[in-house]
$ cat work_32.txt   # compact mmCIF, C-alpha atoms (C1' of nucleotides)
# COMPACT_ATOMS: atom_id res chain seq x y z
CA MET R 1 -105.75 145.21 147.40
CA GLY R 2 -103.39 145.91 144.53
CA VAL R 3 -106.24 147.80 142.96
CA THR R 4 -105.72 151.54 142.66
CA LYS R 5 -108.72 153.62 143.69
CA THR R 6 -108.65 155.76 140.57
CA GLU R 7 -112.08 157.22 141.26
CA ILE R 8 -110.85 159.27 144.21
CA PHE R 9 -108.21 161.10 142.17
CA THR R 10 -108.47 163.76 139.51
CA GLU R 11 -108.27 162.99 135.80
CA GLU R 12 -104.96 164.83 135.73
CA GLN R 13 -103.48 162.81 138.57
CA ASN R 14 -104.54 159.55 136.96
CA ARG R 15 -103.16 160.59 133.59
CA ILE R 16 -99.82 161.70 135.01
CA ALA R 17 -99.54 158.37 136.82
CA ASP R 18 -100.29 156.52 133.60
CA LEU R 19 -97.78 158.52 131.59
CA ALA R 20 -95.18 157.93 134.29
CA LYS R 21 -95.67 154.18 133.92
CA ALA R 22 -94.14 154.46 130.47
CA PHE R 23 -90.88 155.38 132.20
CA ALA R 24 -91.33 153.27 135.32
CA HIS R 25 -89.61 150.13 134.06
CA PRO R 26 -86.02 150.05 132.80
CA ALA R 27 -86.96 147.90 129.80
CA ARG R 28 -89.46 150.52 128.67
CA VAL R 29 -86.91 153.27 129.23
CA ALA R 30 -84.48 151.29 127.08
CA ILE R 31 -87.10 150.79 124.37
CA LEU R 32 -87.99 154.48 124.31
CA GLN R 33 -84.32 155.44 124.17
CA MET R 34 -83.81 153.11 121.23
CA LEU R 35 -86.83 154.49 119.42
CA ILE R 36 -85.53 158.00 119.99
CA ALA R 37 -82.09 157.12 118.72
CA LYS R 38 -83.86 155.51 115.75
CA LYS R 39 -81.25 152.85 115.72
CA SER R 40 -84.10 150.44 115.48
CA CYS R 41 -87.82 150.67 115.54
CA VAL R 42 -88.59 147.17 114.39
CA CYS R 43 -89.72 144.83 117.14
CA GLY R 44 -87.17 142.17 116.26
CA ASP R 45 -84.33 144.66 116.54
CA LEU R 46 -85.51 145.65 119.99
CA VAL R 47 -85.60 142.02 121.01
CA GLY R 48 -82.08 141.61 119.68
CA GLU R 49 -80.69 144.46 121.74
CA LEU R 50 -82.56 143.81 124.96
CA ASN R 51 -81.75 140.68 126.88
CA LEU R 52 -85.40 139.73 127.17
CA ALA R 53 -87.62 137.17 125.49
CA GLN R 54 -89.62 138.25 122.47
CA ALA R 55 -92.89 137.77 124.35
CA THR R 56 -91.68 140.04 127.14
CA VAL R 57 -90.65 142.80 124.76
CA SER R 58 -93.97 142.52 122.96
CA GLN R 59 -95.76 142.90 126.26
CA HIS R 60 -93.82 146.09 127.11
CA LEU R 61 -94.61 147.43 123.65
CA LYS R 62 -98.28 146.70 124.25
CA GLU R 63 -98.18 148.66 127.50
CA LEU R 64 -96.50 151.61 125.79
CA LYS R 65 -99.15 151.47 123.09
CA ARG R 66 -101.92 151.40 125.68
CA ILE R 67 -100.52 154.57 127.22
CA GLY R 68 -100.35 155.98 123.72
CA ILE R 69 -96.74 157.11 123.82
CA ILE R 70 -95.75 154.87 120.91
CA HIS R 71 -97.57 153.39 117.96
CA GLY R 72 -96.78 150.63 115.53
CA GLU R 73 -96.93 150.69 111.77
CA ILE R 74 -97.55 147.29 110.28
CA ASN R 75 -95.05 146.57 107.57
CA PRO R 76 -95.49 142.84 107.05
CA PRO R 77 -94.23 140.70 108.39
CA ARG R 78 -92.62 143.32 110.57
CA VAL R 79 -94.00 146.03 112.80
CA CYS R 80 -92.19 149.34 113.00
CA TYR R 81 -92.64 151.10 116.32
CA CYS R 82 -92.13 154.79 116.88
CA ILE R 83 -92.74 157.56 119.35
CA ASN R 84 -96.19 159.10 119.07
CA PRO R 85 -95.37 162.85 118.99
CA PRO R 86 -98.65 164.24 120.44
CA VAL R 87 -98.52 162.00 123.49
CA TRP R 88 -94.80 162.56 123.90
CA GLU R 89 -95.62 166.27 123.94
CA GLU R 90 -98.37 165.61 126.47
CA ALA R 91 -95.81 163.91 128.71
CA ARG R 92 -93.40 166.82 128.28
CA GLN R 93 -96.10 169.26 129.35
CA ALA R 94 -97.37 167.12 132.21
CA PHE R 95 -94.00 166.38 133.78
CA GLY R 96 -92.68 169.80 132.90
CA SER R 97 -95.40 171.73 134.68
CA LEU R 98 -95.43 169.40 137.65
CA ILE R 99 -91.68 169.49 138.11
CA GLU R 100 -91.38 173.21 137.50
CA SER R 101 -94.14 173.96 139.99
CA PHE R 102 -91.72 173.23 142.82
CA ASN R 103 -89.79 176.34 143.63
CA SER R 104 -87.07 174.78 145.74
CA VAL R 105 -88.22 176.23 149.04
CA SER R 106 -88.53 173.35 151.43
CA CYS R 107 -91.33 173.68 153.92
CA CYS R 108 -89.58 172.16 156.91
CA ALA R 109 -85.87 171.94 156.27
CA MET D 1 -91.96 136.50 137.19
CA GLY D 2 -92.80 139.96 138.49
CA VAL D 3 -89.11 140.40 139.13
CA THR D 4 -87.41 143.06 137.05
CA LYS D 5 -84.06 141.99 135.64
CA THR D 6 -82.27 145.13 136.75
CA GLU D 7 -78.85 143.69 136.04
CA ILE D 8 -79.34 143.79 132.29
CA PHE D 9 -80.02 147.53 132.21
CA THR D 10 -77.79 150.53 132.74
CA GLU D 11 -77.61 152.41 136.01
CA GLU D 12 -79.24 155.33 134.29
CA GLN D 13 -82.15 153.28 133.00
CA ASN D 14 -82.76 151.76 136.40
CA ARG D 15 -82.59 155.14 138.11
CA ILE D 16 -84.98 156.78 135.65
CA ALA D 17 -87.41 153.90 136.18
CA ASP D 18 -87.16 154.34 139.94
CA LEU D 19 -87.66 158.09 139.79
CA ALA D 20 -90.66 157.56 137.51
CA LYS D 21 -92.25 155.33 140.13
CA ALA D 22 -92.60 158.40 142.32
CA PHE D 23 -95.09 159.70 139.75
CA ALA D 24 -96.55 156.37 138.68
CA HIS D 25 -99.41 156.24 141.17
CA PRO D 26 -102.11 158.92 141.46
CA ALA D 27 -101.90 158.95 145.26
CA ARG D 28 -98.20 159.76 145.07
CA VAL D 29 -98.85 162.45 142.48
CA ALA D 30 -101.46 163.92 144.81
CA ILE D 31 -99.06 163.80 147.75
CA LEU D 32 -96.29 165.51 145.79
CA GLN D 33 -98.70 168.18 144.54
CA MET D 34 -99.78 168.86 148.11
CA LEU D 35 -96.19 169.07 149.32
CA ILE D 36 -95.43 171.50 146.52
CA ALA D 37 -98.45 173.64 147.30
CA LYS D 38 -97.33 173.50 150.94
CA LYS D 39 -100.92 173.40 151.98
CA SER D 40 -99.86 170.57 154.21
CA CYS D 41 -96.72 168.69 154.82
CA VAL D 42 -97.79 166.87 157.95
CA CYS D 43 -98.71 163.25 157.46
CA GLY D 44 -102.05 163.62 159.20
CA ASP D 45 -103.05 166.47 156.91
CA LEU D 46 -102.27 164.33 153.88
CA VAL D 47 -104.41 161.55 155.30
CA GLY D 48 -107.22 164.06 155.83
CA GLU D 49 -107.18 165.23 152.25
CA LEU D 50 -106.70 161.92 150.54
CA ASN D 51 -109.48 159.38 150.77
CA LEU D 52 -107.12 156.65 151.87
CA ALA D 53 -106.39 154.96 155.17
CA GLN D 54 -103.53 156.28 157.28
CA ALA D 55 -101.58 153.06 156.79
CA THR D 56 -101.88 153.39 153.02
CA VAL D 57 -100.69 156.99 152.99
CA SER D 58 -97.80 156.08 155.26
CA GLN D 59 -96.82 153.35 152.83
CA HIS D 60 -96.79 155.74 149.86
CA LEU D 61 -94.70 158.17 151.90
CA LYS D 62 -92.27 155.36 152.65
CA GLU D 63 -91.94 154.59 148.93
CA LEU D 64 -91.32 158.26 148.13
CA LYS D 65 -88.69 158.34 150.88
CA ARG D 66 -87.05 155.22 149.49
CA ILE D 67 -86.73 156.90 146.12
CA GLY D 68 -85.36 159.92 147.94
CA ILE D 69 -87.66 162.49 146.42
CA ILE D 70 -89.09 163.48 149.81
CA HIS D 71 -87.81 163.40 153.33
CA GLY D 72 -89.45 163.69 156.73
CA GLU D 73 -88.51 165.90 159.62
CA ILE D 74 -89.56 164.47 162.95
CA ASN D 75 -91.41 167.08 164.96
CA PRO D 76 -92.96 164.93 167.67
CA PRO D 77 -95.47 163.59 167.66
CA ARG D 78 -95.81 164.67 164.03
CA VAL D 79 -93.65 164.19 160.99
CA CYS D 80 -93.37 166.99 158.48
CA TYR D 81 -92.71 165.78 154.96
CA CYS D 82 -91.21 167.86 152.21
CA ILE D 83 -89.72 167.63 148.77
CA ASN D 84 -86.01 166.80 148.77
CA PRO D 85 -84.59 169.46 146.41
CA PRO D 86 -81.49 167.59 145.15
CA VAL D 87 -83.46 164.54 144.11
CA TRP D 88 -86.24 166.68 142.67
CA GLU D 89 -83.55 168.35 140.61
CA GLU D 90 -82.21 164.94 139.61
CA ALA D 91 -85.68 164.03 138.35
CA ARG D 92 -85.92 167.30 136.45
CA GLN D 93 -82.63 166.58 134.73
CA ALA D 94 -83.37 162.93 134.05
CA PHE D 95 -86.83 163.41 132.59
CA GLY D 96 -85.84 166.65 130.93
CA SER D 97 -82.95 165.22 128.99
CA LEU D 98 -84.83 162.06 128.07
CA ILE D 99 -87.92 163.91 126.90
CA GLU D 100 -85.97 166.62 125.09
CA SER D 101 -83.85 164.05 123.29
CA PHE D 102 -86.77 163.26 121.03
CA ASN D 103 -86.79 165.65 118.12
CA SER D 104 -90.29 164.98 116.86
CA VAL D 105 -89.25 163.18 113.71
CA SER D 106 -91.10 159.90 113.64
CA CYS D 107 -89.22 157.07 112.04
CA CYS D 108 -92.16 155.38 110.36
CA ALA D 109 -95.12 157.68 110.24
C1' DA B 1 -98.95 124.88 98.87
C1' DA B 2 -95.43 124.40 102.18
C1' DA B 3 -91.92 126.65 104.77
C1' DA B 4 -89.99 130.60 106.91
C1' DA B 5 -90.07 134.93 109.22
C1' DT B 6 -92.10 138.18 112.33
C1' DC B 7 -94.93 139.53 115.85
C1' DA B 8 -99.09 138.94 119.10
C1' DT B 9 -101.42 136.38 122.39
C1' DC B 10 -102.23 132.63 125.73
C1' DG B 11 -101.24 130.32 129.83
C1' DT B 12 -98.65 130.03 133.75
C1' DA B 13 -95.44 131.03 137.61
C1' DA B 14 -93.17 134.20 140.52
C1' DT B 15 -92.97 138.47 142.56
C1' DA B 16 -94.66 143.31 143.40
C1' DT B 17 -98.08 146.62 144.52
C1' DT B 18 -102.13 148.45 146.70
C1' DG B 19 -105.06 148.85 150.52
C1' DC B 20 -106.57 148.38 155.18
C1' DG B 21 -107.35 146.91 160.07
C1' DA B 22 -104.77 146.05 163.98
C1' DT B 23 -101.02 146.88 166.59
C1' DA B 24 -96.62 148.98 167.87
C1' DT B 25 -93.85 153.05 168.81
C1' DA B 26 -92.66 157.52 170.52
C1' DA B 27 -93.43 161.81 172.52
C1' DC B 28 -96.45 164.85 174.81
C1' DT B 29 -100.12 165.83 178.39
C1' DT B 30 -102.37 165.38 182.42
C1' DA Z 1 -97.80 156.60 185.44
C1' DA Z 2 -101.72 156.54 182.52
C1' DG Z 3 -103.86 158.54 178.63
C1' DT Z 4 -103.62 160.95 174.22
C1' DT Z 5 -101.85 161.98 169.71
C1' DA Z 6 -99.43 161.09 165.51
C1' DT Z 7 -97.07 158.01 162.71
C1' DA Z 8 -94.92 153.49 161.45
C1' DT Z 9 -95.10 148.72 160.87
C1' DC Z 10 -97.24 144.08 160.65
C1' DG Z 11 -100.09 140.80 158.55
C1' DC Z 12 -103.18 139.75 155.32
C1' DA Z 13 -106.07 139.68 150.97
C1' DA Z 14 -106.74 141.12 146.36
C1' DT Z 15 -104.95 142.55 142.22
C1' DA Z 16 -101.09 143.94 139.05
C1' DT Z 17 -96.68 143.30 136.93
C1' DT Z 18 -92.86 140.84 134.98
C1' DA Z 19 -91.11 137.11 132.47
C1' DC Z 20 -91.12 133.25 129.37
C1' DG Z 21 -92.31 129.05 126.62
C1' DA Z 22 -95.67 127.63 123.52
C1' DT Z 23 -98.82 128.59 120.22
C1' DG Z 24 -101.44 131.40 116.88
C1' DA Z 25 -101.82 134.68 113.12
C1' DT Z 26 -100.15 136.95 109.05
C1' DT Z 27 -97.39 137.76 105.23
C1' DT Z 28 -93.43 136.64 102.40
C1' DT Z 29 -90.54 133.32 100.30
C1' DT Z 30 -89.57 129.12 98.24
$ encode --input "work_32.txt" --output "structure tokens"
Amino acid sequence: MGVTKTEIFTEEQNRIADLAKAFAHPARVAILQMLIAKKSCVCGDLVGELNLAQATVSQHLKELKRIGIIHGEINPPRVCYCINPPVWEEARQAFGSLIESFNSVSCCA
Amino acid sequence: MGVTKTEIFTEEQNRIADLAKAFAHPARVAILQMLIAKKSCVCGDLVGELNLAQATVSQHLKELKRIGIIHGEINPPRVCYCINPPVWEEARQAFGSLIESFNSVSCCA
DNA sequence: AAAAATCATCGTAATATTGCGATATAACTT
DNA sequence: AAGTTATATCGCAATATTACGATGATTTTT
């Protein structure tokens, strides 16, 4: 149905899935990489570097904000976006512990 | 348009986005956690534990196979699924280096 | 006060994803 | 050979995502 049955999964599983969505589109990866490099954190600069319409970039920024991994400081008439350290740390922990929990012994190789 | 413009992004950005999709749905997170715990790697066991129809689980397994992060060994009439170590390692590297590249200094806090 | 600049939101179209019942496939069992 | 078991695939419906032009909102500049 295109509608995820979130109620049958744990809070952790739902949160990991949500955090992963921040990285699950190349435009959002590109945005995060640019914010990290601090070459530009102003929306207009992101639009200039990505080959996407301003509305599309704004929509990706909104999704990243919803997840919490970035936040925007209003600096009229601009908005400066940056990584939100606590949620970035949450992602590090979440992916880190999940990925490290696999000990490289395949069950049926 | 619902169609990602993959051609305007780097190979790396597209690959990270694809790898992230493995974790971007709670059912797939649950499947990967179960494969890691090795409580069950047979498709039927996964169906038994998840509250999803067999067809739905099979579809998630197909997506994980497409990404390459799992693979299935046919053991008729069952199929035993397991983590694919090289791709798991690729994900560790990709997410690791991306996440670690942020040094916690916000640009506009 | 009007114009410009910057960003968000709306509306819409196209495509993708999620989910499931039904059916197909493949191997084993009797 | 017919039945059973386990999984994959098909077809469909509902919802989500991606993308963009147009418009709205806000502040600065003129």
$ closest_atom_pairs --input "work_32.txt" --of "chain B" --to "chain D" --cutoff "6 Å" --atoms "only C-alpha atoms (C1' of nucleotides)" --output "JSON lines"
{"residue": "B:DA14", "atom": "C1'", "partner": "D:Met1", "partner_atom": "CA", "distance": 4.2}
{"residue": "B:DT15", "atom": "C1'", "partner": "D:Gly2", "partner_atom": "CA", "distance": 4.3}
{"residue": "B:DA27", "atom": "C1'", "partner": "D:Pro77", "partner_atom": "CA", "distance": 5.6}
$ interface_residues --input "work_32.txt" --of "chain R" --to "chain D" --cutoff "6 Å" --atoms "all atoms listed in the file" --output "PDB file with C-alpha atoms, keeping the file's coordinate frame"
ATOM      1  CA  GLN R  13    -103.480 162.810 138.570  1.00  0.00           C
ATOM      2  CA  ASN R  14    -104.540 159.550 136.960  1.00  0.00           C
ATOM      3  CA  ALA R  17     -99.540 158.370 136.820  1.00  0.00           C
ATOM      4  CA  ALA R  20     -95.180 157.930 134.290  1.00  0.00           C
ATOM      5  CA  LYS R  21     -95.670 154.180 133.920  1.00  0.00           C
ATOM      6  CA  PHE R  23     -90.880 155.380 132.200  1.00  0.00           C
ATOM      7  CA  ALA R  24     -91.330 153.270 135.320  1.00  0.00           C
ATOM      8  CA  HIS R  25     -89.610 150.130 134.060  1.00  0.00           C
ATOM      9  CA  PRO R  26     -86.020 150.050 132.800  1.00  0.00           C
ATOM     10  CA  ILE R  36     -85.530 158.000 119.990  1.00  0.00           C
ATOM     11  CA  PRO R  85     -95.370 162.850 118.990  1.00  0.00           C
ATOM     12  CA  PHE R 102     -91.720 173.230 142.820  1.00  0.00           C
ATOM     13  CA  SER R 104     -87.070 174.780 145.740  1.00  0.00           C
TER      14      SER R 104
END
$ interface_residues --input "work_32.txt" --of "chain Z" --to "chain R" --cutoff "10 Å" --atoms "all atoms listed in the file" --output "list in words"
DC12, DA13, DA14, DT15, DA16, DT18, DA19, DC20, DG21, DT26, DT27 and DT28 of chain Z
$ write_last_selection --input "work_32.txt" --atoms "C-alpha atoms (C1' of nucleotides)" --output "compact mmCIF listing (two decimals), in the coordinates of the input"
# COMPACT_ATOMS: atom_id res chain seq x y z
C1' DC Z 12 -103.18 139.75 155.32
C1' DA Z 13 -106.07 139.68 150.97
C1' DA Z 14 -106.74 141.12 146.36
C1' DT Z 15 -104.95 142.55 142.22
C1' DA Z 16 -101.09 143.94 139.05
C1' DT Z 18 -92.86 140.84 134.98
C1' DA Z 19 -91.11 137.11 132.47
C1' DC Z 20 -91.12 133.25 129.37
C1' DG Z 21 -92.31 129.05 126.62
C1' DT Z 26 -100.15 136.95 109.05
C1' DT Z 27 -97.39 137.76 105.23
C1' DT Z 28 -93.43 136.64 102.40
$ calpha_fit_and_write --input "work_32.txt" --fixed "chain D" --moving "chain R" --output "compact mmCIF listing (two decimals) with C-alpha atoms, in the frame of the given file"
# COMPACT_ATOMS: atom_id res chain seq x y z
CA MET R 1 -91.88 136.50 137.19
CA GLY R 2 -92.80 139.93 138.50
CA VAL R 3 -89.12 140.39 139.17
CA THR R 4 -87.42 143.03 137.06
CA LYS R 5 -84.07 141.97 135.64
CA THR R 6 -82.29 145.12 136.76
CA GLU R 7 -78.86 143.66 136.06
CA ILE R 8 -79.34 143.77 132.30
CA PHE R 9 -80.04 147.51 132.23
CA THR R 10 -77.81 150.50 132.75
CA GLU R 11 -77.62 152.39 136.03
CA GLU R 12 -79.26 155.32 134.30
CA GLN R 13 -82.16 153.26 133.00
CA ASN R 14 -82.77 151.75 136.42
CA ARG R 15 -82.61 155.13 138.11
CA ILE R 16 -84.99 156.77 135.65
CA ALA R 17 -87.43 153.91 136.19
CA ASP R 18 -87.17 154.35 139.95
CA LEU R 19 -87.67 158.09 139.78
CA ALA R 20 -90.66 157.57 137.50
CA LYS R 21 -92.26 155.34 140.14
CA ALA R 22 -92.62 158.41 142.32
CA PHE R 23 -95.11 159.71 139.75
CA ALA R 24 -96.56 156.37 138.69
CA HIS R 25 -99.41 156.25 141.19
CA PRO R 26 -102.10 158.93 141.46
CA ALA R 27 -101.89 158.96 145.27
CA ARG R 28 -98.19 159.78 145.09
CA VAL R 29 -98.86 162.45 142.48
CA ALA R 30 -101.46 163.93 144.82
CA ILE R 31 -99.05 163.82 147.76
CA LEU R 32 -96.29 165.50 145.78
CA GLN R 33 -98.69 168.17 144.55
CA MET R 34 -99.78 168.86 148.11
CA LEU R 35 -96.20 169.08 149.32
CA ILE R 36 -95.43 171.49 146.50
CA ALA R 37 -98.43 173.64 147.29
CA LYS R 38 -97.27 173.51 150.92
CA LYS R 39 -100.84 173.42 151.99
CA SER R 40 -99.81 170.59 154.22
CA CYS R 41 -96.69 168.64 154.81
CA VAL R 42 -97.76 166.87 157.96
CA CYS R 43 -98.71 163.24 157.47
CA GLY R 44 -102.05 163.63 159.21
CA ASP R 45 -103.03 166.47 156.91
CA LEU R 46 -102.25 164.33 153.89
CA VAL R 47 -104.40 161.56 155.30
CA GLY R 48 -107.19 164.06 155.84
CA GLU R 49 -107.17 165.25 152.25
CA LEU R 50 -106.69 161.91 150.54
CA ASN R 51 -109.47 159.39 150.76
CA LEU R 52 -107.11 156.65 151.87
CA ALA R 53 -106.37 154.95 155.16
CA GLN R 54 -103.53 156.28 157.27
CA ALA R 55 -101.55 153.07 156.78
CA THR R 56 -101.86 153.39 153.01
CA VAL R 57 -100.67 156.98 152.99
CA SER R 58 -97.77 156.07 155.24
CA GLN R 59 -96.80 153.33 152.83
CA HIS R 60 -96.79 155.74 149.86
CA LEU R 61 -94.69 158.15 151.90
CA LYS R 62 -92.25 155.35 152.64
CA GLU R 63 -91.93 154.60 148.93
CA LEU R 64 -91.30 158.26 148.13
CA LYS R 65 -88.68 158.33 150.86
CA ARG R 66 -87.02 155.22 149.48
CA ILE R 67 -86.72 156.91 146.09
CA GLY R 68 -85.35 159.92 147.92
CA ILE R 69 -87.67 162.50 146.41
CA ILE R 70 -89.09 163.49 149.80
CA HIS R 71 -87.82 163.39 153.34
CA GLY R 72 -89.47 163.68 156.71
CA GLU R 73 -88.53 165.88 159.61
CA ILE R 74 -89.60 164.46 162.93
CA ASN R 75 -91.45 167.04 164.94
CA PRO R 76 -93.04 164.94 167.66
CA PRO R 77 -95.51 163.59 167.65
CA ARG R 78 -95.83 164.70 164.06
CA VAL R 79 -93.68 164.18 161.00
CA CYS R 80 -93.36 166.98 158.48
CA TYR R 81 -92.72 165.76 154.96
CA CYS R 82 -91.22 167.85 152.21
CA ILE R 83 -89.72 167.65 148.76
CA ASN R 84 -86.02 166.81 148.78
CA PRO R 85 -84.60 169.48 146.42
CA PRO R 86 -81.49 167.61 145.15
CA VAL R 87 -83.47 164.56 144.11
CA TRP R 88 -86.25 166.69 142.68
CA GLU R 89 -83.55 168.37 140.60
CA GLU R 90 -82.22 164.95 139.61
CA ALA R 91 -85.69 164.04 138.36
CA ARG R 92 -85.95 167.31 136.45
CA GLN R 93 -82.64 166.60 134.73
CA ALA R 94 -83.39 162.94 134.06
CA PHE R 95 -86.85 163.43 132.59
CA GLY R 96 -85.85 166.67 130.94
CA SER R 97 -82.96 165.23 128.98
CA LEU R 98 -84.84 162.08 128.09
CA ILE R 99 -87.92 163.93 126.89
CA GLU R 100 -85.98 166.62 125.07
CA SER R 101 -83.86 164.04 123.28
CA PHE R 102 -86.81 163.26 121.02
CA ASN R 103 -86.82 165.64 118.13
CA SER R 104 -90.32 164.97 116.86
CA VAL R 105 -89.28 163.20 113.68
CA SER R 106 -91.12 159.93 113.63
CA CYS R 107 -89.20 157.08 112.09
CA CYS R 108 -92.07 155.38 110.32
CA ALA R 109 -95.06 157.68 110.17
$ axis_aligned_box --input "work_32.txt" --around "region 88-92 of chain R" --padding-each-side "4 Å" --output "lines of an AutoDock Vina configuration file"
center_x = -95.9
center_y = 164.7
center_z = 126.3
size_x = 13.0
size_y = 12.3
size_z = 12.8
$ closest_residue --input "work_32.txt" --among "D:Ile31, D:Gly68, D:Ser58, D:Val87" --to "DC20 (chain B)" --atoms "only C-alpha atoms (C1' of nucleotides)"
D:Ser58
$ atom_distance --input "work_32.txt" --atom1 "CA of Gly48 (chain D)" --atom2 "C1' of DT7 (chain Z)"
13.7 Å
$ decode --input "work_32.txt" --residues "region 3-26 of chain B" --atoms "C-alpha atoms (C1' of nucleotides)" --output "tab-separated table (two decimals), in the first residue's frame"
chain	number	residue	atom	x	y	z
B	3	DA	C1'	11.53	46.71	-6.13
B	4	DA	C1'	14.71	43.08	-5.37
B	5	DA	C1'	16.49	39.09	-3.13
B	6	DT	C1'	15.92	34.81	-0.73
B	7	DC	C1'	13.54	31.00	0.70
B	8	DA	C1'	9.10	28.26	1.70
B	9	DT	C1'	4.97	26.41	0.18
B	10	DC	C1'	1.34	25.07	-3.13
B	11	DG	C1'	-0.26	22.45	-6.83
B	12	DT	C1'	0.58	19.12	-10.05
B	13	DA	C1'	2.64	15.30	-12.74
B	14	DA	C1'	5.44	11.33	-13.00
B	15	DT	C1'	7.47	7.60	-10.89
B	16	DA	C1'	8.66	4.65	-6.78
B	17	DT	C1'	7.55	2.11	-2.75
B	18	DT	C1'	4.85	-0.74	0.25
B	19	DG	C1'	1.77	-4.40	0.97
B	20	DC	C1'	-0.89	-8.39	-0.10
B	21	DG	C1'	-3.61	-12.14	-2.40
B	22	DA	C1'	-3.10	-15.20	-6.01
B	23	DT	C1'	-0.39	-17.82	-8.71
B	24	DA	C1'	3.90	-19.81	-10.44
B	25	DT	C1'	8.13	-22.41	-9.67
B	26	DA	C1'	11.13	-25.90	-7.92
